[in-house]
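A.B. asks: Dropping the structure in here first, questions after.
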Amino acid sequence: MPEGHSVHRLARQFGDVFEGERLKVSSPQGRFAPGAALLDGHVMTAATAHGKHLFLEFEHGPVLHVHLGLYGAWNFGGDATFRGASSIGAPRKVGEREVYDDGAAGMPAGEPAADLPAPPAAAAAAYTGPPAPVGAVRVRLVGAHGWADLRGATTCAAITGAEAAAVLTRLGPDPLRNLPGDRDAFAATLAGKRTPVASLLMDQKVIAGVGNVYRAELLFRQRLNPWLPGSGLSAEAARLLWDDAAAMMSDGVRDGRIITTPPQYWDGVPGMLPDPEEAHFVYRRHGLDCRECGTPVALTELGARKLYWCPQCQQA
Ligand SMILES: [Zn+2]
């Protein structure tokens, strides 16, 4: 499932491509036809994300609410002015990286999507709008310079502003928004729970946007035993956990990938982001030596999700 950084990148890309534009909205598959009719021909005024939820606001009030779930993905395209990823989501298909039209996954270090080279000028002359829909496209948005197709999402609904606000009240604070008071609220929530911290990090009501990769890497980087109850963390430890989530996930928004190891662990070309096998401390490294202590990384099931951790480093 795409984690919060991917959804925030989606919001940014929707803002870049569509904000202020009057959109053609359709449901080629038909399943979202009534919602599409409600939005069709109206201006998209804002694109925001909270945790794994994406909200596209329209001038006349309705909000397009999307949660990708396990299998959802957005595909994008457009004319020569279009920049950005051509696919975000469905990590089972595209891995943790995003996919660009040249077939490259991810992007060079420190180089935001807006700086990617423009397609050849011939592409501008050739652009005549989006291609014919392929497969079960739930919703298609078309602006003057770009288009977006959604497939396979868990949630795709046209809701009211009040309903969007209600979705937010059911979610915990999002480290990528990191609003005043969020950090202390997170620490206070942990202090009141006996649930293992590894489970609390996956609870979207406790902290929004963290998924299985960030969960494992956060616990390792903070040297926390996954079974430590929330109430077992000091207020200071809880705040450090929040701050590390905010830092790592912000890096994920910048990089378009989850990279939790610092550059001294990377063996590739200086200035380039690491290979996938160098990008994490413990996630999907079970049986391999811990990068810090050499103990084999462990794999345990917790709440039907795989948990990767180092039994030596994470005893606290
Ligand atoms: Zn270790």
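We label chains A, B, ... in the order they appear in the structure tokens, count residues from 1 in each chain, and number ligands from 1 in the order shown.
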Hey, which residues come within 10 Å of ligand 1 if we count only C-alpha atoms and all ligand atoms? Could you give them as a list in words?
C.D. replies: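 Sorted by chain and then by number, the residues are Phe220, Arg223, Phe281, Val282, Asp289, Cys290, Arg291, Glu292, Cys293, Gly294, Thr295, Pro296, Val297, Ala298, Trp309, Cys310, Pro311, Gln312, Cys313, Gln314 and Gln315 of chain A.
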A.B. asks: Generate a file of the selected residues that holds C-alpha atoms, formatted as a compact mmCIF listing (two decimals), in the first residue's frame.
C.D. replies:
# COMPACT_ATOMS: atom_id res chain seq x y z
CA PHE A 220 14.73 0.38 14.19
CA ARG A 223 15.95 1.34 18.71
CA PHE A 281 17.81 -0.93 7.74
CA VAL A 282 15.44 -3.84 8.34
CA ASP A 289 22.89 -9.21 8.87
CA CYS A 290 21.75 -6.11 10.72
CA ARG A 291 23.69 -3.14 9.33
CA GLU A 292 24.53 -2.01 12.85
CA CYS A 293 25.24 -5.16 14.86
CA GLY A 294 25.46 -8.10 12.44
CA THR A 295 22.63 -10.06 14.09
CA PRO A 296 20.23 -11.59 11.52
CA VAL A 297 17.20 -9.35 11.00
CA ALA A 298 14.04 -11.05 12.29
CA TRP A 309 13.24 -5.89 13.28
CA CYS A 310 16.63 -6.51 14.87
CA PRO A 311 16.38 -8.51 18.13
CA GLN A 312 19.75 -7.19 19.25
CA CYS A 313 19.38 -3.47 18.49
CA GLN A 314 15.71 -3.18 19.46
CA GLN A 315 15.61 -4.42 23.02
A.B. asks: Compile the contact shell of stretch 33-49 of chain A as a PyMOL selection string: residues with an atom at most 9 Å away, counting only C-alpha atoms, same-chain residues fewer than 6 positions apart removed.
C.D. replies: chain A and resi 4+7-15+18-27+55-60+62-64+138-141+156-159+177
A.B. asks: Please write the residues from the selection above to a file, keeping C-alpha atoms, as an mmCIF file, in the first residue's frame.
C.D. replies:
data_model
loop_
_atom_site.group_PDB
_atom_site.id
_atom_site.type_symbol
_atom_site.label_atom_id
_atom_site.label_comp_id
_atom_site.auth_asym_id
_atom_site.auth_seq_id
_atom_site.Cartn_x
_atom_site.Cartn_y
_atom_site.Cartn_z
ATOM 1 C CA GLY A 4 1.773 8.833 3.182
ATOM 2 C CA VAL A 7 -0.181 10.465 -1.324
ATOM 3 C CA HIS A 8 1.373 13.837 -0.502
ATOM 4 C CA ARG A 9 3.317 13.639 -3.759
ATOM 5 C CA LEU A 10 0.052 12.897 -5.518
ATOM 6 C CA ALA A 11 -1.530 15.986 -3.974
ATOM 7 C CA ARG A 12 1.423 18.051 -5.128
ATOM 8 C CA GLN A 13 1.214 16.660 -8.652
ATOM 9 C CA PHE A 14 -2.544 17.261 -8.843
ATOM 10 C CA GLY A 15 -1.949 20.809 -7.681
ATOM 11 C CA PHE A 18 -4.831 20.761 -12.460
ATOM 12 C CA GLU A 19 -5.216 23.510 -9.861
ATOM 13 C CA GLY A 20 -7.323 26.376 -11.159
ATOM 14 C CA GLU A 21 -8.374 24.413 -14.225
ATOM 15 C CA ARG A 22 -11.827 23.523 -15.401
ATOM 16 C CA LEU A 23 -11.749 19.729 -15.720
ATOM 17 C CA LYS A 24 -13.484 17.138 -17.802
ATOM 18 C CA VAL A 25 -14.367 14.396 -15.350
ATOM 19 C CA SER A 26 -15.631 11.017 -16.489
ATOM 20 C CA SER A 27 -15.842 7.401 -15.361
ATOM 21 C CA PHE A 55 -8.801 15.265 -1.381
ATOM 22 C CA LEU A 56 -9.417 17.200 -4.611
ATOM 23 C CA GLU A 57 -11.576 20.241 -3.920
ATOM 24 C CA PHE A 58 -13.858 21.789 -6.521
ATOM 25 C CA GLU A 59 -15.158 25.345 -6.834
ATOM 26 C CA HIS A 60 -18.801 24.460 -6.265
ATOM 27 C CA PRO A 62 -17.831 18.833 -3.728
ATOM 28 C CA VAL A 63 -14.592 17.051 -2.865
ATOM 29 C CA LEU A 64 -13.207 14.024 -4.688
ATOM 30 C CA ARG A 138 -12.754 4.481 -12.303
ATOM 31 C CA VAL A 139 -12.299 8.187 -12.880
ATOM 32 C CA ARG A 140 -10.502 10.225 -15.526
ATOM 33 C CA LEU A 141 -9.644 13.905 -15.061
ATOM 34 C CA CYS A 156 -13.331 7.014 -4.864
ATOM 35 C CA ALA A 157 -16.232 9.240 -3.852
ATOM 36 C CA ALA A 158 -17.599 12.717 -4.435
ATOM 37 C CA ILE A 159 -18.358 13.998 -0.943
ATOM 38 C CA ARG A 177 1.483 18.186 7.948
#
A.B. asks: Extract, using only C-alpha atoms, all DNA, RNA and protein residues at most 9 Å from A:Asp203, discarding same-chain residues fewer than 5 positions from it, and format them as an mmCIF file with all heavy atoms, in the first residue's frame.
C.D. replies:
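Full text of out-v1.cif as output:
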data_model
loop_
_atom_site.group_PDB
_atom_site.id
_atom_site.type_symbol
_atom_site.label_atom_id
_atom_site.label_comp_id
_atom_site.auth_asym_id
_atom_site.auth_seq_id
_atom_site.Cartn_x
_atom_site.Cartn_y
_atom_site.Cartn_z
ATOM 1 N N GLY A 172 -5.660 10.311 12.803
ATOM 2 C CA GLY A 172 -4.704 10.927 13.709
ATOM 3 C C GLY A 172 -3.887 11.986 12.990
ATOM 4 O O GLY A 172 -4.066 12.227 11.796
ATOM 5 N N ALA A 208 -1.238 9.217 11.113
ATOM 6 C CA ALA A 208 -1.772 8.988 9.760
ATOM 7 C C ALA A 208 -0.663 9.009 8.722
ATOM 8 O O ALA A 208 0.156 9.928 8.705
ATOM 9 C CB ALA A 208 -2.822 10.055 9.426
ATOM 10 N N VAL A 210 1.653 6.444 8.086
ATOM 11 C CA VAL A 210 2.702 5.441 8.267
ATOM 12 C C VAL A 210 2.182 4.083 7.798
ATOM 13 O O VAL A 210 1.084 3.683 8.154
ATOM 14 C CB VAL A 210 3.144 5.357 9.743
ATOM 15 C CG1 VAL A 210 4.094 4.186 9.968
ATOM 16 C CG2 VAL A 210 3.800 6.661 10.170
#
A.B. asks: Would you mind reading off the distance between atom CA of A:Ala144 and atom CA of A:Thr160, one decimal, in Å?
C.D. replies: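 A separation of 25.7 Å between them.
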A.B. asks: Rounded to one decimal in Å, what is the spacing between atom CA of A:Ala304 and atom CA of A:Ala238?
C.D. replies: 24.5 Å
A.B. asks: What parts of stretch 133-288 of chain A does DSSP call strand (DSSP E)? I'd like the answer as a PyMOL selection string.
C.D. replies: chain A and resi 137-142+146-151+155-159
A.B. asks: So which residues touch A:Asp251 within 12 Å, counting only C-alpha atoms, skipping near sequence neighbours fewer than 4 positions away, as a VMD selection string?
C.D. replies: chain A and resid 4 to 6 8 to 9 109 to 110 112 175 to 176 214 244 to 247 255 to 262 273
A.B. asks: Write out the residues from the selection above, keeping C-alpha atoms, as a CSV table (one decimal), in the first residue's frame.
C.D. replies:
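To be explicit, this is the file written out as out18.csv:
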chain,number,residue,atom,x,y,z
A,4,GLY,CA,1.8,8.8,3.2
A,5,HIS,CA,4.7,10.3,1.2
A,6,SER,CA,3.2,8.9,-2.0
A,8,HIS,CA,1.4,13.8,-0.5
A,9,ARG,CA,3.3,13.6,-3.8
A,109,ALA,CA,19.2,12.6,-5.8
A,110,GLY,CA,18.1,16.1,-5.1
A,112,PRO,CA,12.7,17.4,-8.0
A,175,PRO,CA,3.7,13.9,10.4
A,176,LEU,CA,3.8,15.4,6.9
A,214,TYR,CA,8.1,3.3,7.7
A,244,ASP,CA,11.8,10.9,13.0
A,245,ALA,CA,8.6,10.1,11.2
A,246,ALA,CA,8.3,13.7,10.1
A,247,ALA,CA,11.9,13.8,8.9
A,255,ASP,CA,12.8,11.6,-3.1
A,256,GLY,CA,9.6,9.8,-4.3
A,257,ARG,CA,10.9,6.7,-2.5
A,258,ILE,CA,11.3,5.5,1.1
A,259,ILE,CA,15.0,5.8,1.9
A,260,THR,CA,15.9,5.4,5.6
A,261,THR,CA,19.6,4.7,5.5
A,262,PRO,CA,22.1,7.7,5.4
A,273,LEU,CA,20.1,7.7,-4.5
A.B. asks: Tell me which protein, DNA and RNA residues are within 8 Å of A:Arg183, counting only C-alpha atoms, leaving out same-chain ones fewer than 6 positions away, and put them as a PDB file with C-alpha atoms, in the first residue's frame.
C.D. replies:
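Saved file part21.pdb follows:
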ATOM      1  CA  ARG A 239       8.394  12.953  20.613  1.00  0.00           C
ATOM      2  CA  TRP A 242       7.246  11.622  15.884  1.00  0.00           C
ATOM      3  CA  ASP A 243      10.127  13.836  14.788  1.00  0.00           C
TER       4      ASP A 243
END
A.B. asks: I'd like the interatomic distance between atom CA of A:His53 and atom CA of A:His67, to a tenth of an Å.
C.D. replies: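 Atom CA of A:His67 lies at a distance of 5.1 Å from atom CA of A:His53.
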A.B. asks: I'd like the contact shell of A:Phe76 - 8 Å cut-off, only C-alpha atoms, skipping same-chain residues fewer than 6 positions apart - returned as a PyMOL selection string.
C.D. replies: chain A and resi 85-87+146-149
A.B. asks: With distances taken over only C-alpha atoms, which residue among A:Arg305, A:His280, A:Arg151, A:His50 lies nearest A:Met202?
C.D. replies: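 The shortest atom-to-atom distance to A:Met202 comes from A:Arg305.
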A.B. asks: List every residue of stretch 89-279 of chain A that DSSP, applied to the backbone of this structure, assigns to helix (DSSP H, G or I), and report them as an MDAnalysis selection string.
C.D. replies: chainID A and resid 91:94 113:115 122:126 161:169 182:191 197:200 212:221 230:232 235:255 263:265 276:278
A.B. asks: Rank nothing, just name the residue among A:Asn212, A:Gly230, A:Ala153, A:Ala164 nearest to A:Arg31, using only C-alpha atoms.
C.D. replies: A:Ala153
A.B. asks: If we count only C-alpha atoms, what is near A:Val167 at a cut-off of 10 Å, once residues fewer than 4 positions away on the same chain are taken out, given as a list of chain:residue names?
C.D. replies: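 Result of the neighbour search: A:His50, A:His53, A:His65, A:Gly161, A:Ala162, A:Glu163, A:Leu171.
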